[in-house]
Each structure stands twice: as structure tokens, then as C-alpha cells.
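Engineer: Here you go, this is entry.cif (mmCIF, C-alpha atoms).
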data_start
loop_
_atom_site.group_PDB
_atom_site.id
_atom_site.type_symbol
_atom_site.label_atom_id
_atom_site.label_comp_id
_atom_site.auth_asym_id
_atom_site.auth_seq_id
_atom_site.Cartn_x
_atom_site.Cartn_y
_atom_site.Cartn_z
ATOM 1 C CA ASN A 1 -97.151 -159.201 54.273
ATOM 2 C CA SER A 2 -96.280 -162.408 52.466
ATOM 3 C CA ASN A 3 -93.966 -165.314 53.153
ATOM 4 C CA VAL A 4 -91.069 -166.088 50.800
ATOM 5 C CA THR A 5 -89.469 -169.511 50.722
ATOM 6 C CA ALA A 6 -86.042 -170.089 49.186
ATOM 7 C CA THR A 7 -84.427 -173.474 48.612
ATOM 8 C CA ALA A 8 -80.872 -174.425 47.790
ATOM 9 C CA SER A 9 -78.981 -177.574 47.031
ATOM 10 C CA ILE A 10 -75.951 -177.959 49.282
ATOM 11 C CA ASP A 11 -73.105 -180.038 47.864
ATOM 12 C CA THR A 12 -71.445 -181.997 50.655
ATOM 13 C CA VAL A 13 -70.112 -184.846 48.533
ATOM 14 C CA PRO A 14 -66.325 -184.781 48.055
ATOM 15 C CA PRO A 15 -64.765 -185.922 44.775
ATOM 16 C CA VAL A 16 -63.670 -189.528 44.447
ATOM 17 C CA ILE A 17 -60.036 -189.919 43.375
ATOM 18 C CA SER A 18 -58.856 -192.858 41.267
ATOM 19 C CA GLN A 19 -56.060 -194.054 38.958
ATOM 20 C CA VAL A 20 -53.203 -192.146 40.580
ATOM 21 C CA ALA A 21 -49.973 -192.582 38.586
ATOM 22 C CA ALA A 22 -46.637 -190.860 37.934
ATOM 23 C CA ILE A 23 -44.200 -190.708 35.006
ATOM 24 C CA THR A 24 -40.675 -189.434 35.667
ATOM 25 C CA ASP A 25 -37.480 -188.420 33.915
ATOM 26 C CA TYR A 26 -34.215 -187.233 35.490
ATOM 27 C CA SER A 27 -35.588 -184.104 37.148
ATOM 28 C CA ASN A 28 -39.348 -183.967 36.472
ATOM 29 C CA ALA A 29 -42.421 -185.982 37.407
ATOM 30 C CA LYS A 30 -45.881 -185.845 35.853
ATOM 31 C CA VAL A 31 -48.542 -187.008 38.330
ATOM 32 C CA THR A 32 -51.991 -187.880 36.967
ATOM 33 C CA TRP A 33 -55.314 -188.990 38.446
ATOM 34 C CA LEU A 34 -59.067 -188.902 37.862
ATOM 35 C CA THR A 35 -61.882 -187.455 39.962
ATOM 36 C CA SER A 36 -65.591 -188.162 39.895
ATOM 37 C CA LYS A 37 -66.430 -184.443 39.575
ATOM 38 C CA PRO A 38 -64.556 -181.267 38.540
ATOM 39 C CA ALA A 39 -61.954 -180.297 41.127
ATOM 40 C CA ASP A 40 -58.584 -178.597 41.438
ATOM 41 C CA SER A 41 -55.246 -180.431 41.575
ATOM 42 C CA SER A 42 -52.507 -180.507 44.189
ATOM 43 C CA VAL A 43 -49.558 -182.829 44.662
ATOM 44 C CA GLN A 44 -47.851 -182.777 48.044
ATOM 45 C CA TYR A 45 -44.434 -184.443 47.888
ATOM 46 C CA GLY A 46 -41.028 -184.795 49.505
ATOM 47 C CA VAL A 47 -38.016 -187.058 49.966
ATOM 48 C CA SER A 48 -39.450 -188.369 53.250
ATOM 49 C CA PRO A 49 -42.907 -189.699 54.233
ATOM 50 C CA LEU A 50 -43.635 -186.175 55.520
ATOM 51 C CA PRO A 51 -44.229 -184.212 52.275
ATOM 52 C CA ASP A 52 -42.893 -180.670 52.562
ATOM 53 C CA HIS A 53 -43.429 -179.398 48.995
ATOM 54 C CA ALA A 54 -46.532 -178.877 46.893
ATOM 55 C CA SER A 55 -47.428 -178.171 43.279
ATOM 56 C CA TYR A 56 -50.906 -176.799 42.538
ATOM 57 C CA VAL A 57 -53.188 -176.244 39.534
ATOM 58 C CA SER A 58 -56.399 -174.305 40.231
ATOM 59 C CA THR A 59 -58.386 -175.315 37.136
ATOM 60 C CA LEU A 60 -61.407 -177.503 37.939
ATOM 61 C CA VAL A 61 -61.121 -180.711 35.908
ATOM 62 C CA THR A 62 -61.821 -184.428 36.197
ATOM 63 C CA ASN A 63 -58.652 -185.509 34.379
ATOM 64 C CA HIS A 64 -55.745 -184.192 36.426
ATOM 65 C CA ALA A 65 -52.077 -183.710 35.467
ATOM 66 C CA VAL A 66 -49.519 -181.873 37.593
ATOM 67 C CA THR A 67 -45.877 -181.553 36.552
ATOM 68 C CA ILE A 68 -43.234 -181.254 39.267
ATOM 69 C CA SER A 69 -39.870 -179.825 38.207
ATOM 70 C CA GLY A 70 -36.482 -179.318 39.803
ATOM 71 C CA LEU A 71 -36.195 -182.830 41.242
ATOM 72 C CA SER A 72 -32.922 -184.670 41.836
ATOM 73 C CA ALA A 73 -31.943 -187.591 39.623
ATOM 74 C CA ASN A 74 -32.101 -191.140 40.956
ATOM 75 C CA ARG A 75 -34.115 -190.114 44.017
ATOM 76 C CA ILE A 76 -37.212 -191.636 45.641
ATOM 77 C CA TYR A 77 -40.044 -189.204 46.398
ATOM 78 C CA TYR A 78 -43.186 -189.759 48.488
ATOM 79 C CA TYR A 79 -46.406 -188.023 47.485
ATOM 80 C CA GLN A 80 -50.156 -187.720 47.932
ATOM 81 C CA VAL A 81 -52.763 -186.032 45.743
ATOM 82 C CA VAL A 82 -55.465 -183.608 46.864
ATOM 83 C CA SER A 83 -58.549 -182.402 44.969
ATOM 84 C CA ARG A 84 -61.184 -179.867 46.093
ATOM 85 C CA ASP A 85 -64.414 -179.203 44.240
ATOM 86 C CA GLN A 86 -66.167 -175.863 43.718
ATOM 87 C CA ALA A 87 -68.135 -176.247 46.987
ATOM 88 C CA GLY A 88 -64.947 -176.776 48.959
ATOM 89 C CA ASN A 89 -65.314 -180.504 49.483
ATOM 90 C CA THR A 90 -61.798 -181.946 49.662
ATOM 91 C CA THR A 91 -60.393 -185.423 49.178
ATOM 92 C CA VAL A 92 -56.855 -186.496 50.033
ATOM 93 C CA ASP A 93 -55.572 -189.732 48.518
ATOM 94 C CA ASP A 94 -52.496 -190.855 50.463
ATOM 95 C CA ASN A 95 -52.574 -194.476 49.269
ATOM 96 C CA ASN A 96 -54.333 -195.623 52.445
ATOM 97 C CA GLY A 97 -51.797 -193.951 54.687
ATOM 98 C CA ASN A 98 -48.746 -195.363 52.910
ATOM 99 C CA LEU A 99 -48.235 -192.481 50.441
ATOM 100 C CA PHE A 100 -47.518 -193.018 46.774
ATOM 101 C CA VAL A 101 -43.916 -193.279 45.591
ATOM 102 C CA PHE A 102 -42.073 -192.366 42.386
ATOM 103 C CA GLN A 103 -38.375 -192.476 41.551
ATOM 104 C CA THR A 104 -36.575 -190.184 39.132
ATOM 105 C CA LEU A 105 -34.295 -191.730 36.528
ATOM 106 C CA LYS A 106 -30.605 -192.241 37.152
ATOM 107 C CA ALA A 107 -28.599 -189.796 35.039
ATOM 108 C CA PRO A 108 -25.263 -190.712 33.409
ATOM 109 C CA THR A 109 -22.216 -189.972 35.544
ATOM 110 C CA PRO A 110 -18.662 -189.040 34.508
ATOM 111 C CA PRO A 111 -16.694 -190.106 32.646
ATOM 112 C CA TRP A 112 -19.226 -189.205 29.946
ATOM 113 C CA PHE A 113 -18.504 -188.735 26.250
ATOM 114 C CA ASP A 114 -20.624 -188.181 23.149
ATOM 115 C CA ASN A 115 -19.148 -187.992 19.650
ATOM 116 C CA LEU A 116 -22.664 -187.349 18.272
ATOM 117 C CA GLU A 117 -22.522 -190.286 15.876
ATOM 118 C CA SER A 118 -25.493 -192.080 17.461
ATOM 119 C CA GLY A 119 -28.025 -189.354 16.837
ATOM 120 C CA ALA A 120 -29.031 -187.072 19.682
ATOM 121 C CA PRO A 121 -30.437 -189.162 22.578
ATOM 122 C CA GLY A 122 -30.947 -186.911 25.589
ATOM 123 C CA TRP A 123 -30.081 -183.716 23.702
ATOM 124 C CA SER A 124 -32.682 -180.984 23.238
ATOM 125 C CA VAL A 125 -32.942 -177.781 21.230
ATOM 126 C CA VAL A 126 -34.907 -174.842 22.642
ATOM 127 C CA PRO A 127 -35.650 -171.718 20.582
ATOM 128 C CA ASP A 128 -35.719 -168.361 22.338
ATOM 129 C CA SER A 129 -39.399 -168.013 23.205
ATOM 130 C CA ILE A 130 -39.207 -164.236 23.741
ATOM 131 C CA GLN A 131 -37.208 -162.949 20.777
ATOM 132 C CA GLY A 132 -37.935 -165.844 18.443
ATOM 133 C CA THR A 133 -35.538 -167.377 15.931
ATOM 134 C CA GLU A 134 -35.386 -168.179 12.231
ATOM 135 C CA LEU A 135 -33.057 -171.121 12.740
ATOM 136 C CA ASN A 136 -32.207 -173.604 15.483
ATOM 137 C CA TRP A 137 -29.313 -175.849 16.443
ATOM 138 C CA THR A 138 -29.111 -178.811 14.053
ATOM 139 C CA LEU A 139 -27.156 -182.060 14.165
ATOM 140 C CA GLY A 140 -25.427 -183.156 10.955
ATOM 141 C CA LYS A 141 -22.563 -182.451 8.548
ATOM 142 C CA PRO A 142 -21.280 -178.854 8.660
ATOM 143 C CA VAL A 143 -21.217 -176.936 5.381
ATOM 144 C CA THR A 144 -20.154 -173.369 6.168
ATOM 145 C CA SER A 145 -17.774 -170.831 4.669
ATOM 146 C CA PHE A 146 -15.132 -171.675 7.285
ATOM 147 C CA GLN A 147 -15.777 -175.352 8.112
ATOM 148 C CA THR A 148 -16.927 -178.278 5.966
ATOM 149 C CA ALA A 149 -16.329 -181.219 8.309
ATOM 150 C CA ALA A 150 -17.035 -182.227 11.880
ATOM 151 C CA HIS A 151 -14.135 -182.648 14.271
ATOM 152 C CA SER A 152 -14.604 -186.425 14.136
ATOM 153 C CA GLY A 153 -17.026 -188.486 12.109
ATOM 154 C CA PRO A 154 -19.679 -186.813 9.986
ATOM 155 C CA ASN A 155 -21.821 -185.213 12.716
ATOM 156 C CA ALA A 156 -21.564 -182.019 14.755
ATOM 157 C CA TRP A 157 -24.037 -179.635 16.336
ATOM 158 C CA GLY A 158 -24.344 -176.288 14.564
ATOM 159 C CA SER A 159 -26.460 -173.214 15.178
ATOM 160 C CA ASN A 160 -26.159 -172.452 11.446
ATOM 161 C CA LEU A 161 -24.986 -175.838 10.275
ATOM 162 C CA THR A 162 -25.181 -175.180 6.537
ATOM 163 C CA GLY A 163 -24.528 -171.421 6.403
ATOM 164 C CA GLN A 164 -28.082 -170.360 5.639
ATOM 165 C CA SER A 165 -28.904 -166.713 4.945
ATOM 166 C CA VAL A 166 -31.201 -165.682 7.783
ATOM 167 C CA ILE A 167 -31.640 -162.404 9.636
ATOM 168 C CA PHE A 168 -31.515 -163.614 13.231
ATOM 169 C CA ILE A 169 -30.834 -166.757 15.264
ATOM 170 C CA ASN A 170 -31.582 -167.163 18.977
ATOM 171 C CA SER A 171 -31.302 -170.783 20.041
ATOM 172 C CA PHE A 172 -30.247 -172.913 23.023
ATOM 173 C CA LEU A 173 -28.660 -176.376 22.847
ATOM 174 C CA TYR A 174 -29.091 -178.557 25.974
ATOM 175 C CA SER A 175 -26.856 -181.548 26.659
ATOM 176 C CA PRO A 176 -28.215 -184.730 28.233
ATOM 177 C CA VAL A 177 -28.623 -184.624 32.011
ATOM 178 C CA ILE A 178 -25.385 -185.509 33.828
ATOM 179 C CA ASP A 179 -25.117 -186.410 37.518
ATOM 180 C CA LEU A 180 -22.108 -184.792 39.222
ATOM 181 C CA SER A 181 -22.839 -186.173 42.689
ATOM 182 C CA GLY A 182 -19.979 -187.848 44.540
ATOM 183 C CA LEU A 183 -17.319 -185.675 42.907
ATOM 184 C CA LYS A 184 -14.945 -183.086 44.321
ATOM 185 C CA SER A 185 -14.157 -181.587 40.901
ATOM 186 C CA ALA A 186 -15.349 -181.871 37.301
ATOM 187 C CA THR A 187 -14.286 -180.621 33.873
ATOM 188 C CA LEU A 188 -16.204 -180.140 30.634
ATOM 189 C CA SER A 189 -14.266 -180.538 27.381
ATOM 190 C CA PHE A 190 -15.519 -180.040 23.843
ATOM 191 C CA TRP A 191 -14.286 -179.090 20.388
ATOM 192 C CA ASP A 192 -15.774 -176.052 18.708
ATOM 193 C CA SER A 193 -15.425 -173.963 15.593
ATOM 194 C CA ALA A 194 -16.752 -170.469 14.913
ATOM 195 C CA ASN A 195 -15.915 -167.216 13.185
ATOM 196 C CA PRO A 196 -18.003 -164.634 15.060
ATOM 197 C CA ASN A 197 -18.283 -161.054 13.836
ATOM 198 C CA SER A 198 -16.125 -161.866 10.808
ATOM 199 C CA SER A 199 -18.345 -159.844 8.460
ATOM 200 C CA GLY A 200 -19.637 -157.148 10.768
ATOM 201 C CA ASN A 201 -22.498 -159.322 12.008
ATOM 202 C CA ILE A 202 -23.528 -159.196 15.649
ATOM 203 C CA GLU A 203 -22.986 -162.628 17.210
ATOM 204 C CA SER A 204 -22.901 -163.949 20.781
ATOM 205 C CA LEU A 205 -21.590 -167.378 21.855
ATOM 206 C CA GLN A 206 -22.198 -168.253 25.490
ATOM 207 C CA LEU A 207 -22.005 -171.357 27.666
ATOM 208 C CA GLY A 208 -24.290 -171.877 30.650
ATOM 209 C CA ILE A 209 -25.254 -174.574 33.123
ATOM 210 C CA SER A 210 -28.821 -175.550 34.000
ATOM 211 C CA THR A 211 -29.188 -177.216 37.403
ATOM 212 C CA ASN A 212 -32.972 -177.649 37.465
ATOM 213 C CA SER A 213 -33.921 -178.422 33.860
ATOM 214 C CA SER A 214 -34.957 -174.813 33.397
ATOM 215 C CA THR A 215 -35.525 -173.645 29.853
ATOM 216 C CA PRO A 216 -35.737 -170.114 28.443
ATOM 217 C CA PRO A 217 -37.055 -167.572 29.295
ATOM 218 C CA ILE A 218 -35.799 -168.639 32.743
ATOM 219 C CA ASP A 219 -32.317 -167.175 33.089
ATOM 220 C CA ILE A 220 -29.448 -169.640 32.855
ATOM 221 C CA PRO A 221 -26.206 -168.255 34.334
ATOM 222 C CA THR A 222 -23.423 -167.824 31.781
ATOM 223 C CA ILE A 223 -20.201 -169.434 33.000
ATOM 224 C CA LYS A 224 -18.100 -168.577 29.949
ATOM 225 C CA ASP A 225 -18.423 -166.160 27.033
ATOM 226 C CA PHE A 226 -16.820 -167.362 23.788
ATOM 227 C CA THR A 227 -17.872 -164.319 21.753
ATOM 228 C CA PRO A 228 -14.470 -162.566 21.589
ATOM 229 C CA ILE A 229 -12.787 -165.698 20.275
ATOM 230 C CA SER A 230 -12.493 -166.332 16.535
ATOM 231 C CA THR A 231 -11.767 -170.022 16.003
ATOM 232 C CA PRO A 232 -12.580 -171.089 12.436
ATOM 233 C CA ASP A 233 -10.410 -174.180 12.994
ATOM 234 C CA TRP A 234 -11.569 -176.831 15.437
ATOM 235 C CA SER A 235 -10.300 -175.939 18.916
ATOM 236 C CA LEU A 236 -10.418 -177.844 22.204
ATOM 237 C CA GLU A 237 -12.190 -176.007 25.021
ATOM 238 C CA ALA A 238 -12.017 -176.866 28.735
ATOM 239 C CA VAL A 239 -14.418 -175.467 31.338
ATOM 240 C CA ASP A 240 -14.276 -176.036 35.103
ATOM 241 C CA LEU A 241 -17.537 -177.500 36.431
ATOM 242 C CA THR A 242 -16.343 -177.831 40.021
ATOM 243 C CA PRO A 243 -18.861 -175.216 41.307
ATOM 244 C CA PHE A 244 -21.629 -177.607 40.205
ATOM 245 C CA VAL A 245 -20.419 -180.879 41.737
ATOM 246 C CA GLY A 246 -23.045 -182.653 43.790
ATOM 247 C CA GLN A 247 -25.793 -181.525 41.398
ATOM 248 C CA THR A 248 -27.540 -182.818 38.312
ATOM 249 C CA ILE A 249 -26.738 -180.514 35.396
ATOM 250 C CA GLN A 250 -27.252 -179.843 31.721
ATOM 251 C CA VAL A 251 -24.654 -177.954 29.696
ATOM 252 C CA VAL A 252 -26.289 -175.198 27.608
ATOM 253 C CA TRP A 253 -24.750 -173.635 24.495
ATOM 254 C CA TYR A 254 -26.495 -170.384 23.560
ATOM 255 C CA TYR A 255 -26.019 -168.731 20.187
ATOM 256 C CA GLN A 256 -27.498 -165.375 19.190
ATOM 257 C CA GLY A 257 -26.811 -163.730 15.856
ATOM 258 C CA PHE A 258 -28.078 -160.728 13.882
ATOM 259 C CA CYS A 259 -27.089 -160.609 10.230
ATOM 260 C CA LEU A 260 -25.700 -157.309 8.929
ATOM 261 C CA GLY A 261 -23.905 -158.674 5.878
ATOM 262 C CA SER A 262 -22.824 -162.157 4.866
ATOM 263 C CA PRO A 263 -24.487 -165.239 6.413
ATOM 264 C CA LEU A 264 -24.081 -165.682 10.157
ATOM 265 C CA SER A 265 -21.157 -167.939 10.991
ATOM 266 C CA GLY A 266 -22.943 -169.798 13.761
ATOM 267 C CA TRP A 267 -21.254 -172.071 16.293
ATOM 268 C CA LEU A 268 -20.155 -175.675 15.725
ATOM 269 C CA VAL A 269 -19.728 -178.120 18.644
ATOM 270 C CA ASP A 270 -18.434 -181.716 18.598
ATOM 271 C CA ASP A 271 -16.918 -184.478 20.777
ATOM 272 C CA ILE A 272 -18.199 -183.418 24.196
ATOM 273 C CA SER A 273 -16.959 -185.026 27.403
ATOM 274 C CA ILE A 274 -17.219 -184.541 31.166
ATOM 275 C CA THR A 275 -14.640 -186.013 33.544
ATOM 276 C CA GLY A 276 -14.339 -185.735 37.291
ATOM 277 C CA VAL A 277 -12.363 -186.510 40.412
ATOM 278 C CA ALA A 278 -14.071 -188.421 43.200
ATOM 279 C CA ALA A 279 -13.020 -188.522 46.831
ATOM 280 C CA GLY A 280 -11.042 -191.692 46.148
ATOM 281 C CA GLY A 281 -9.439 -190.702 42.838
ATOM 282 C CA THR A 282 -10.108 -189.947 39.179
ATOM 283 C CA ILE A 283 -13.165 -191.304 37.383
#
What is this file in C-alpha cells?

Structural biologist:
Amino acid sequence: NSNVTATASIDTVPPVISQVAAITDYSNAKVTWLTSKPADSSVQYGVSPLPDHASYVSTLVTNHAVTISGLSANRIYYYQVVSRDQAGNTTVDDNNGNLFVFQTLKAPTPPWFDNLESGAPGWSVVPDSIQGTELNWTLGKPVTSFQTAAHSGPNAWGSNLTGQSVIFINSFLYSPVIDLSGLKSATLSFWDSANPNSSGNIESLQLGISTNSSTPPIDIPTIKDFTPISTPDWSLEAVDLTPFVGQTIQVVWYYQGFCLGSPLSGWLVDDISITGVAAGGTI
């Protein structure tokens, strides 16, 4: 026979959003902003002023960063940011109704050639994150049992550039981003040298194409398997890229090796080029 009184504080104040910004590369954008209180993070974006895609991070923070992947090169995107606090109060910042805008970088277009003598701008090396690796692709002068010079100049890419004695190698080599839009056909050419399975080792040499900047463990389709080929001398390879015209791509060389005897031979790559045919002729 007594009265009980309970009180509660009700939060009806939405977060205040400020300092919205974006940093882009060829196919990714990192959107950042601040909020006055912890809140989640959402970026709604699209190629028109009616955003039809979204990227979301549920963690409640005041310093927000959302990365958007799989974008097209040299493209303008419109976006707005949305943050909701723990009480459900939501704020949408659409730049006062005008939406924010970012533009991805313009990728190189064919004809494209890299003799690897200017370092490795745009190239990236990605170790296998699932199986691990003792060694990764390296740029420099080859010193192996079957090859002691690059195809041209001093530099080449090698998955075991100096013939080191390791048990296993699982590594991906990504080319710079190349824009194949406006073409009706395209061809990849490169020089390579390898001596797979020469000493009973287990080695795999595969070529793939990434069309959305995906990195392992995301599967990258193999378009050609070089494993059965033993080419200790430098050999010119040609691969048809026509199925990928109209897209922004990265060429991916994947080497996997398990040592059962002498050092793994690895895979050497040099003098890479991409050419194409446009609607009006060869470029």
C-alpha cells in the first residue's frame, strides 16, 4: 500500500554532424565525418542525385570512417551521411539538400606499358591471408638457379626473386588499375620466366583479373594457368582481355609453392603491356 515513483531521462537530441569529407582512389572512397555524440555510420551514395547504394558500420563512435569499394574509375558519385545514436535519434547530412560529391581517380588507359624500371607505382603485393606465406613478390634483380637477369633493364617482379630456401610461398601480385572502357578488344602481354616442378616441388602459377579491387581471400577468377609450362628462358605471353572491356581491372599474378627438395623456382615477370582496339581503330 505504498506509491513508487520512477524517473527516466529520455534522449531526444540527435547527433550533430560536421566535417564531412571523402578521399578516393580508382575504385574506393573513404568518407569521414564527426558527430557530437556516439552514433553509427552510414553512407548513402550513387551515380545520380538519388542515392541507391549504402555502406554501413554499426559501431557507435564520434569519429566516423566508412570505406566504399567496387566503384568505377573516373566517375562522379553523389552521397549523404547518416548517423543514429543509441536512443535512435537520427541525423541526415545531405549538404543542405545538394548532396556531397566525390570523384574517383582516372585510371591509365591502353596503350599501357611498364618495364618496372621506375619502381612500382600502382603495383601492390598481397600475401595469402588464409594459408600465410614465408615470402612475397619482390621487385629487383633476379638471382635464381635458372635466371640471373631481367628481360630488360635490371628489374623484374619475382615470387622468389633470389632463390631463397623457404617451405611455402602463397602470394598475389596486383598490377596498377587499368581502365578498359571504350574498347572492343584488349590484349595483355608480358615476359615471364619460371621452372615449375623442376625438382619435385609443388608449384602453381596462375593469372587472374580483379574487376573490383578485391583482394584475397575474395576469389579472383583464374583466366589462365601457367603451371604446366616450364619456361626457364624469358618467354612472351599474350592473354586476351576482351571479356573485360568496359571495366576497370587489375591483372593478378598468383604464385603458390610448397618445397619438397631444392629451392622453389618461383615466377619472374617483366615488361608488361596492355593494348586495345577502340571502335574507331587501334590504340

Engineer: To one decimal in Å, tell me the separation between CA of Trp234 in chain A and CA of Ala156 in chain A.

Structural biologist: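 The value is 11.3 Å.
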
Engineer: When the PyMOL selection byres ((chain A and resi 252) around 10) is applied to the file above, which residues end up in the set, as a VMD selection string?

Structural biologist: chain A and resid 124 to 126 172 to 176 206 to 210 215 220 to 223 249 to 251 253 to 255

Engineer: Which residue out of A:Tyr26, A:Trp123, A:Phe113, A:Phe100 has the minimum interatomic distance to Ile68 in chain A when only C-alpha atoms are used?

Structural biologist: A:Tyr26

Engineer: Which is closer to Asp25 in chain A than all the others in A:Asn170, A:Ser118, A:Ser48, A:Asn74, using only C-alpha atoms?

Structural biologist: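 Closest residue, counting only C-alpha atoms: A:Asn74.
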
Engineer: Which residues are close to Leu260 in chain A, i.e. within 9 Å by all atoms listed in the file, leaving aside same-chain residues fewer than 2 positions away? Reply as an mmCIF file with C-alpha atoms, in the frame of the given file.

Structural biologist:
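Saved file around-v3.cif follows:
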data_model
loop_
_atom_site.group_PDB
_atom_site.id
_atom_site.type_symbol
_atom_site.label_atom_id
_atom_site.label_comp_id
_atom_site.auth_asym_id
_atom_site.auth_seq_id
_atom_site.Cartn_x
_atom_site.Cartn_y
_atom_site.Cartn_z
ATOM 1 C CA ILE A 167 -31.640 -162.404 9.636
ATOM 2 C CA SER A 199 -18.345 -159.844 8.460
ATOM 3 C CA GLY A 200 -19.637 -157.148 10.768
ATOM 4 C CA ASN A 201 -22.498 -159.322 12.008
ATOM 5 C CA ILE A 202 -23.528 -159.196 15.649
ATOM 6 C CA PHE A 258 -28.078 -160.728 13.882
ATOM 7 C CA SER A 262 -22.824 -162.157 4.866
ATOM 8 C CA PRO A 263 -24.487 -165.239 6.413
ATOM 9 C CA LEU A 264 -24.081 -165.682 10.157
#

Engineer: Translate the PyMOL selection byres ((chain A and resi 85) around 9) into a concrete residue list for this structure, as a VMD selection string.

Structural biologist: chain A and resid 14 to 15 37 to 40 60 83 to 84 86 to 91

Engineer: What does the PyMOL selection byres ((chain A and resi 50-59) around 12) select in this file, as a compact mmCIF listing (two decimals) with C-alpha atoms, keeping the file's coordinate frame?

Structural biologist:
# COMPACT_ATOMS: atom_id res chain seq x y z
CA ALA A 29 -42.42 -185.98 37.41
CA LYS A 30 -45.88 -185.84 35.85
CA VAL A 31 -48.54 -187.01 38.33
CA THR A 32 -51.99 -187.88 36.97
CA PRO A 38 -64.56 -181.27 38.54
CA ALA A 39 -61.95 -180.30 41.13
CA ASP A 40 -58.58 -178.60 41.44
CA SER A 41 -55.25 -180.43 41.58
CA SER A 42 -52.51 -180.51 44.19
CA VAL A 43 -49.56 -182.83 44.66
CA GLN A 44 -47.85 -182.78 48.04
CA TYR A 45 -44.43 -184.44 47.89
CA GLY A 46 -41.03 -184.80 49.50
CA VAL A 47 -38.02 -187.06 49.97
CA SER A 48 -39.45 -188.37 53.25
CA PRO A 49 -42.91 -189.70 54.23
CA LEU A 60 -61.41 -177.50 37.94
CA VAL A 61 -61.12 -180.71 35.91
CA THR A 62 -61.82 -184.43 36.20
CA ASN A 63 -58.65 -185.51 34.38
CA HIS A 64 -55.74 -184.19 36.43
CA ALA A 65 -52.08 -183.71 35.47
CA VAL A 66 -49.52 -181.87 37.59
CA THR A 67 -45.88 -181.55 36.55
CA ILE A 68 -43.23 -181.25 39.27
CA SER A 69 -39.87 -179.82 38.21
CA GLY A 70 -36.48 -179.32 39.80
CA LEU A 71 -36.20 -182.83 41.24
CA TYR A 77 -40.04 -189.20 46.40
CA TYR A 78 -43.19 -189.76 48.49
CA TYR A 79 -46.41 -188.02 47.48
CA GLN A 80 -50.16 -187.72 47.93
CA VAL A 81 -52.76 -186.03 45.74
CA VAL A 82 -55.46 -183.61 46.86
CA SER A 83 -58.55 -182.40 44.97
CA ARG A 84 -61.18 -179.87 46.09
CA ASP A 85 -64.41 -179.20 44.24
CA GLN A 86 -66.17 -175.86 43.72
CA ASP A 94 -52.50 -190.86 50.46
CA GLY A 97 -51.80 -193.95 54.69
CA ASN A 98 -48.75 -195.36 52.91
CA LEU A 99 -48.24 -192.48 50.44
CA PHE A 100 -47.52 -193.02 46.77
CA VAL A 101 -43.92 -193.28 45.59

Engineer: Suppose you want the space between CA of Ile272 in chain A and CA of Ser189 in chain A; what is it in Å?

Structural biologist: 5.8 Å

Engineer: Could you state the separation of CA of Pro228 in chain A and CA of Thr133 in chain A in Å, given to one decimal place?

Structural biologist: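 Between these atoms lies a distance of 22.3 Å.
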
Engineer: Between A:Trp137, A:Leu241, A:His151, A:Asp225, which residue has the minimum interatomic distance to Gly266 in chain A, considering only C-alpha atoms?

Structural biologist: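 Of A:Trp137, A:Leu241, A:His151, A:Asp225, the one nearest Gly266 in chain A, counting only C-alpha atoms, is A:Trp137.
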
Engineer: List as a ChimeraX atom specification the protein and nucleic acid residues near range 140-150 of chain A, meaning an atom at most 12 Å away when all atoms listed in the file are counted, but skip any in the same chain fewer than 2 places from it.

Structural biologist: /A:115-120,137-138,152-165,191-196,198-199,230-235,262-271

Engineer: Take the residues just selected and output them with C-alpha atoms as a compact mmCIF listing (two decimals), in the frame of the given file.

Structural biologist:
# COMPACT_ATOMS: atom_id res chain seq x y z
CA ASN A 115 -19.15 -187.99 19.65
CA LEU A 116 -22.66 -187.35 18.27
CA GLU A 117 -22.52 -190.29 15.88
CA SER A 118 -25.49 -192.08 17.46
CA GLY A 119 -28.02 -189.35 16.84
CA ALA A 120 -29.03 -187.07 19.68
CA TRP A 137 -29.31 -175.85 16.44
CA THR A 138 -29.11 -178.81 14.05
CA SER A 152 -14.60 -186.42 14.14
CA GLY A 153 -17.03 -188.49 12.11
CA PRO A 154 -19.68 -186.81 9.99
CA ASN A 155 -21.82 -185.21 12.72
CA ALA A 156 -21.56 -182.02 14.76
CA TRP A 157 -24.04 -179.64 16.34
CA GLY A 158 -24.34 -176.29 14.56
CA SER A 159 -26.46 -173.21 15.18
CA ASN A 160 -26.16 -172.45 11.45
CA LEU A 161 -24.99 -175.84 10.28
CA THR A 162 -25.18 -175.18 6.54
CA GLY A 163 -24.53 -171.42 6.40
CA GLN A 164 -28.08 -170.36 5.64
CA SER A 165 -28.90 -166.71 4.94
CA TRP A 191 -14.29 -179.09 20.39
CA ASP A 192 -15.77 -176.05 18.71
CA SER A 193 -15.42 -173.96 15.59
CA ALA A 194 -16.75 -170.47 14.91
CA ASN A 195 -15.92 -167.22 13.18
CA PRO A 196 -18.00 -164.63 15.06
CA SER A 198 -16.12 -161.87 10.81
CA SER A 199 -18.34 -159.84 8.46
CA SER A 230 -12.49 -166.33 16.54
CA THR A 231 -11.77 -170.02 16.00
CA PRO A 232 -12.58 -171.09 12.44
CA ASP A 233 -10.41 -174.18 12.99
CA TRP A 234 -11.57 -176.83 15.44
CA SER A 235 -10.30 -175.94 18.92
CA SER A 262 -22.82 -162.16 4.87
CA PRO A 263 -24.49 -165.24 6.41
CA LEU A 264 -24.08 -165.68 10.16
CA SER A 265 -21.16 -167.94 10.99
CA GLY A 266 -22.94 -169.80 13.76
CA TRP A 267 -21.25 -172.07 16.29
CA LEU A 268 -20.16 -175.68 15.72
CA VAL A 269 -19.73 -178.12 18.64
CA ASP A 270 -18.43 -181.72 18.60
CA ASP A 271 -16.92 -184.48 20.78

Engineer: Taking into account all atoms listed in the file, which residue in the set A:Asp240, A:Glu203, A:Asp128, A:Thr109 is nearest to Ala278 in chain A?

Structural biologist: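 That would be A:Thr109, the residue with the smallest distance to Ala278 in chain A.
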
Engineer: Which residues are near Thr248 in chain A? Cut-off 9 Å, all atoms listed in the file, ignore same chain within fewer than 5 positions. Put them as a list of chain:residue names.

Structural biologist: A:Tyr26, A:Ser27, A:Ser72, A:Ala73, A:Ala107, A:Val177, A:Ile178, A:Asp179, A:Leu180, A:Ser181, A:Ser210, A:Thr211, A:Asn212, A:Ser213

Engineer: For Asn28 in chain A, which residue out of A:Gln103, A:Ser204, A:Gly261, A:Glu237 is the nearest one, using only C-alpha atoms?

Structural biologist: A:Gln103
